[in-house]
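File shown: start-v3.cif (mmCIF, N, CA and C atoms).
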```
data_input
#
loop_
_atom_site.label_atom_id
_atom_site.label_comp_id
_atom_site.auth_asym_id
_atom_site.auth_seq_id
_atom_site.Cartn_x
_atom_site.Cartn_y
_atom_site.Cartn_z
N GLU A 24 0.82 -1.19 0.00
CA GLU A 24 0.00 0.00 0.00
C GLU A 24 0.87 1.27 0.00
N SER A 25 1.94 1.26 0.79
CA SER A 25 2.82 2.43 0.85
C SER A 25 3.52 2.64 -0.49
N PHE A 26 3.90 1.55 -1.13
CA PHE A 26 4.57 1.66 -2.43
C PHE A 26 3.66 2.35 -3.43
N GLN A 27 2.38 1.98 -3.46
CA GLN A 27 1.45 2.59 -4.40
C GLN A 27 1.09 4.01 -3.98
N ARG A 28 1.06 4.26 -2.69
CA ARG A 28 0.70 5.59 -2.19
C ARG A 28 1.78 6.61 -2.50
N TYR A 29 3.03 6.20 -2.35
CA TYR A 29 4.17 7.10 -2.57
C TYR A 29 4.99 6.68 -3.78
N ASP A 30 4.32 6.24 -4.81
CA ASP A 30 5.01 5.67 -5.97
C ASP A 30 6.04 6.62 -6.58
N PHE A 31 5.68 7.88 -6.82
CA PHE A 31 6.62 8.82 -7.42
C PHE A 31 7.83 9.04 -6.51
N LEU A 32 7.58 9.25 -5.23
CA LEU A 32 8.66 9.54 -4.28
C LEU A 32 9.60 8.35 -4.12
N VAL A 33 9.05 7.14 -4.08
CA VAL A 33 9.90 5.95 -3.92
C VAL A 33 10.81 5.77 -5.13
N VAL A 34 10.24 5.88 -6.33
CA VAL A 34 11.05 5.73 -7.54
C VAL A 34 12.05 6.87 -7.66
N PHE A 35 11.64 8.10 -7.34
CA PHE A 35 12.54 9.24 -7.39
C PHE A 35 13.71 9.05 -6.43
N ALA A 36 13.41 8.62 -5.20
CA ALA A 36 14.47 8.42 -4.20
C ALA A 36 15.46 7.35 -4.66
N ALA A 37 14.94 6.29 -5.24
CA ALA A 37 15.83 5.22 -5.71
C ALA A 37 16.68 5.68 -6.89
N GLY A 38 16.13 6.52 -7.73
CA GLY A 38 16.88 7.00 -8.89
C GLY A 38 17.94 8.01 -8.54
N PHE A 39 17.76 8.72 -7.44
CA PHE A 39 18.71 9.78 -7.08
C PHE A 39 19.73 9.34 -6.05
N THR A 40 19.36 8.44 -5.18
CA THR A 40 20.24 8.01 -4.10
C THR A 40 20.87 6.65 -4.41
N PRO A 41 21.75 6.19 -3.52
CA PRO A 41 22.38 4.88 -3.77
C PRO A 41 21.48 3.69 -3.45
N ILE A 42 20.20 3.92 -3.17
CA ILE A 42 19.27 2.80 -2.99
C ILE A 42 19.28 2.00 -4.29
N PRO A 43 19.35 0.68 -4.21
CA PRO A 43 19.42 -0.12 -5.45
C PRO A 43 18.21 0.12 -6.36
N TYR A 44 18.47 0.75 -7.47
CA TYR A 44 17.42 1.15 -8.40
C TYR A 44 16.72 -0.07 -9.02
N LYS A 45 17.47 -1.13 -9.29
CA LYS A 45 16.88 -2.33 -9.89
C LYS A 45 15.84 -2.95 -8.97
N VAL A 46 16.08 -2.94 -7.68
CA VAL A 46 15.13 -3.51 -6.73
C VAL A 46 13.82 -2.72 -6.77
N ILE A 47 13.92 -1.41 -6.84
CA ILE A 47 12.72 -0.57 -6.88
C ILE A 47 11.98 -0.76 -8.20
N THR A 48 12.70 -0.88 -9.31
CA THR A 48 12.01 -1.07 -10.59
C THR A 48 11.27 -2.40 -10.62
N ILE A 49 11.87 -3.43 -10.07
CA ILE A 49 11.18 -4.72 -9.99
C ILE A 49 9.96 -4.61 -9.07
N GLY A 50 10.16 -3.95 -7.93
CA GLY A 50 9.04 -3.73 -7.00
C GLY A 50 7.92 -2.92 -7.62
N ALA A 51 8.28 -1.94 -8.42
CA ALA A 51 7.25 -1.13 -9.09
C ALA A 51 6.41 -2.00 -10.02
N GLY A 52 7.04 -2.93 -10.69
CA GLY A 52 6.29 -3.83 -11.56
C GLY A 52 5.42 -4.78 -10.78
N VAL A 53 5.96 -5.32 -9.69
CA VAL A 53 5.21 -6.27 -8.86
C VAL A 53 3.99 -5.60 -8.24
N PHE A 54 4.15 -4.37 -7.76
CA PHE A 54 3.06 -3.68 -7.08
C PHE A 54 2.19 -2.84 -8.01
N GLY A 55 2.45 -2.91 -9.29
CA GLY A 55 1.59 -2.25 -10.27
C GLY A 55 1.61 -0.74 -10.23
N VAL A 56 2.78 -0.17 -10.10
CA VAL A 56 2.90 1.30 -10.12
C VAL A 56 2.48 1.81 -11.50
N ASN A 57 1.80 2.92 -11.51
CA ASN A 57 1.36 3.55 -12.75
C ASN A 57 2.58 3.79 -13.63
N PHE A 58 2.57 3.24 -14.84
CA PHE A 58 3.75 3.29 -15.71
C PHE A 58 4.18 4.72 -16.07
N PRO A 59 3.27 5.63 -16.46
CA PRO A 59 3.71 7.00 -16.75
C PRO A 59 4.35 7.69 -15.54
N ILE A 60 3.84 7.43 -14.35
CA ILE A 60 4.44 8.02 -13.14
C ILE A 60 5.83 7.43 -12.92
N PHE A 61 5.97 6.12 -13.14
CA PHE A 61 7.26 5.47 -13.00
C PHE A 61 8.28 6.06 -13.97
N VAL A 62 7.87 6.23 -15.22
CA VAL A 62 8.79 6.77 -16.23
C VAL A 62 9.17 8.21 -15.88
N LEU A 63 8.19 9.01 -15.47
CA LEU A 63 8.47 10.41 -15.12
C LEU A 63 9.42 10.50 -13.92
N ALA A 64 9.16 9.73 -12.88
CA ALA A 64 10.02 9.76 -11.70
C ALA A 64 11.43 9.28 -12.04
N SER A 65 11.52 8.25 -12.86
CA SER A 65 12.84 7.74 -13.28
C SER A 65 13.59 8.78 -14.09
N LEU A 66 12.90 9.38 -15.04
CA LEU A 66 13.51 10.38 -15.91
C LEU A 66 14.01 11.58 -15.10
N VAL A 67 13.19 12.08 -14.22
CA VAL A 67 13.56 13.25 -13.43
C VAL A 67 14.72 12.93 -12.47
N SER A 68 14.62 11.82 -11.76
CA SER A 68 15.64 11.51 -10.75
C SER A 68 16.99 11.14 -11.36
N ARG A 69 16.98 10.28 -12.35
CA ARG A 69 18.25 9.89 -12.96
C ARG A 69 18.90 11.08 -13.69
N SER A 70 18.08 11.87 -14.36
CA SER A 70 18.62 13.07 -15.03
C SER A 70 19.20 14.04 -14.01
N ALA A 71 18.48 14.27 -12.92
CA ALA A 71 18.97 15.19 -11.89
C ALA A 71 20.30 14.72 -11.33
N ARG A 72 20.40 13.43 -11.07
CA ARG A 72 21.64 12.90 -10.51
C ARG A 72 22.82 13.11 -11.47
N PHE A 73 22.64 12.73 -12.73
CA PHE A 73 23.76 12.82 -13.67
C PHE A 73 24.05 14.25 -14.09
N PHE A 74 23.03 15.09 -14.20
CA PHE A 74 23.27 16.50 -14.54
C PHE A 74 23.94 17.22 -13.37
N LEU A 75 23.61 16.85 -12.14
CA LEU A 75 24.26 17.46 -10.98
C LEU A 75 25.76 17.14 -10.97
N VAL A 76 26.10 15.89 -11.22
CA VAL A 76 27.51 15.50 -11.27
C VAL A 76 28.22 16.23 -12.41
N ALA A 77 27.59 16.28 -13.57
CA ALA A 77 28.19 16.97 -14.72
C ALA A 77 28.38 18.46 -14.42
N TRP A 78 27.40 19.08 -13.79
CA TRP A 78 27.48 20.51 -13.47
C TRP A 78 28.62 20.77 -12.47
N LEU A 79 28.73 19.90 -11.45
CA LEU A 79 29.82 20.06 -10.49
C LEU A 79 31.19 19.90 -11.15
N LEU A 80 31.30 18.93 -12.06
CA LEU A 80 32.57 18.75 -12.76
C LEU A 80 32.89 19.93 -13.66
N LYS A 81 31.88 20.49 -14.30
CA LYS A 81 32.11 21.67 -15.16
C LYS A 81 32.49 22.88 -14.32
N LEU A 82 31.82 23.05 -13.19
CA LEU A 82 32.04 24.22 -12.34
C LEU A 82 33.38 24.17 -11.62
N TYR A 83 33.74 23.01 -11.06
CA TYR A 83 34.94 22.93 -10.24
C TYR A 83 36.09 22.15 -10.88
N GLY A 84 35.84 21.50 -11.98
CA GLY A 84 36.89 20.78 -12.69
C GLY A 84 37.30 19.47 -12.03
N PRO A 85 38.44 18.94 -12.43
CA PRO A 85 38.90 17.64 -11.93
C PRO A 85 39.06 17.52 -10.41
N PRO A 86 39.40 18.60 -9.68
CA PRO A 86 39.56 18.43 -8.23
C PRO A 86 38.30 17.95 -7.50
N ILE A 87 37.13 18.25 -8.05
CA ILE A 87 35.89 17.86 -7.38
C ILE A 87 35.57 16.37 -7.58
N LYS A 88 36.23 15.74 -8.54
CA LYS A 88 35.92 14.34 -8.87
C LYS A 88 36.13 13.42 -7.67
N SER A 89 37.22 13.57 -6.95
CA SER A 89 37.46 12.69 -5.79
C SER A 89 36.45 12.96 -4.69
N PHE A 90 36.05 14.22 -4.51
CA PHE A 90 35.02 14.55 -3.51
C PHE A 90 33.70 13.89 -3.88
N ILE A 91 33.32 13.96 -5.15
CA ILE A 91 32.07 13.35 -5.60
C ILE A 91 32.11 11.84 -5.39
N GLU A 92 33.21 11.23 -5.76
CA GLU A 92 33.32 9.77 -5.60
C GLU A 92 33.25 9.35 -4.14
N LYS A 93 33.76 10.19 -3.26
CA LYS A 93 33.82 9.85 -1.84
C LYS A 93 32.51 10.16 -1.11
N TYR A 94 31.87 11.29 -1.42
CA TYR A 94 30.75 11.77 -0.60
C TYR A 94 29.41 11.87 -1.31
N PHE A 95 29.31 11.64 -2.61
CA PHE A 95 28.05 11.90 -3.31
C PHE A 95 26.90 11.06 -2.75
N ASN A 96 27.14 9.80 -2.47
CA ASN A 96 26.06 8.95 -1.96
C ASN A 96 25.52 9.46 -0.63
N TRP A 97 26.41 9.86 0.26
CA TRP A 97 25.97 10.40 1.55
C TRP A 97 25.21 11.72 1.39
N LEU A 98 25.70 12.57 0.50
CA LEU A 98 25.02 13.83 0.26
C LEU A 98 23.65 13.62 -0.38
N ALA A 99 23.54 12.65 -1.27
CA ALA A 99 22.26 12.34 -1.91
C ALA A 99 21.26 11.83 -0.87
N ILE A 100 21.72 11.00 0.03
CA ILE A 100 20.83 10.50 1.09
C ILE A 100 20.38 11.65 1.99
N ALA A 101 21.31 12.52 2.37
CA ALA A 101 20.97 13.67 3.21
C ALA A 101 19.96 14.57 2.51
N PHE A 102 20.13 14.78 1.20
CA PHE A 102 19.20 15.60 0.44
C PHE A 102 17.80 14.99 0.47
N MET A 103 17.71 13.68 0.27
CA MET A 103 16.39 13.03 0.26
C MET A 103 15.74 13.09 1.64
N VAL A 104 16.52 12.91 2.70
CA VAL A 104 15.97 12.99 4.05
C VAL A 104 15.43 14.39 4.31
N LEU A 105 16.18 15.40 3.94
CA LEU A 105 15.72 16.78 4.12
C LEU A 105 14.49 17.08 3.27
N LEU A 106 14.45 16.57 2.06
CA LEU A 106 13.30 16.78 1.18
C LEU A 106 12.04 16.15 1.78
N ILE A 107 12.16 14.92 2.25
CA ILE A 107 11.01 14.23 2.84
C ILE A 107 10.59 14.92 4.14
N ALA A 108 11.56 15.35 4.94
CA ALA A 108 11.24 16.06 6.18
C ALA A 108 10.53 17.38 5.88
N GLY A 109 10.95 18.05 4.84
CA GLY A 109 10.29 19.30 4.45
C GLY A 109 8.85 19.09 4.03
N PHE A 110 8.61 18.05 3.24
CA PHE A 110 7.23 17.74 2.84
C PHE A 110 6.39 17.31 4.05
N ALA A 111 7.00 16.56 4.97
CA ALA A 111 6.28 16.15 6.17
C ALA A 111 5.93 17.35 7.02
N ALA A 112 6.86 18.31 7.13
CA ALA A 112 6.60 19.52 7.91
C ALA A 112 5.48 20.35 7.27
N LEU A 113 5.50 20.44 5.95
CA LEU A 113 4.43 21.17 5.27
C LEU A 113 3.09 20.48 5.46
N GLY A 114 3.10 19.15 5.44
CA GLY A 114 1.86 18.39 5.66
C GLY A 114 1.34 18.58 7.07
N ALA A 115 2.24 18.72 8.04
CA ALA A 115 1.83 18.92 9.43
C ALA A 115 1.23 20.29 9.65
N LEU A 116 1.58 21.25 8.81
CA LEU A 116 1.05 22.61 8.96
C LEU A 116 -0.41 22.71 8.51
N LYS A 117 -0.85 21.78 7.68
CA LYS A 117 -2.23 21.86 7.15
C LYS A 117 -3.26 21.57 8.18
#
```

Could I get this structure in the form of structure tokens?
Amino acid sequence: ESFQRYDFLVVFAAGFTPIPYKVITIGAGVFGVNFPIFVLASLVSRSARFFLVAWLLKLYGPPIKSFIEKYFNWLAIAFMVLLIAGFAALGALK
């Protein structure tokens, strides 16, 4: 039920963070996630992840590469936690 309720957010989180994306895609099929929502969430999250890395490399050059390799997964997880906490806080205000 939670997978179907938060389908976009679950697929987005898996596409952006180091959560195993293949597991989520298989789960999306098993639980019957709406295909257009799955494609949109995948497109947005994977694009955001790769464009962010490309933008950082363009902006800071080769020195940032080791930082990205070392800390990107942790930073992506922190970003998702803050994003979910922000939405939860907004929901609590209603």

Query raised in the report: Counting all atoms listed in the file, what is within 6.5 Å of region 24-31 of chain A, bar same-chain residues fewer than 3 positions away, as a PyMOL selection string?
Result: chain A and resi 34-36+56+60-61+64

Query raised in the report: So which residues touch region 82-98 of chain A within 8 Å, counting only C-alpha atoms, skipping near sequence neighbours fewer than 5 positions away, as a PyMOL selection string?
Result: chain A and resi 40-41+76

Query raised in the report: What gap, in Å, lies between CA of Ile47 (chain A) and CA of Leu32 (chain A)?
Result: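 Atom-to-atom, CA of Ile47 (chain A) and CA of Leu32 (chain A) are spaced 11.2 Å apart.
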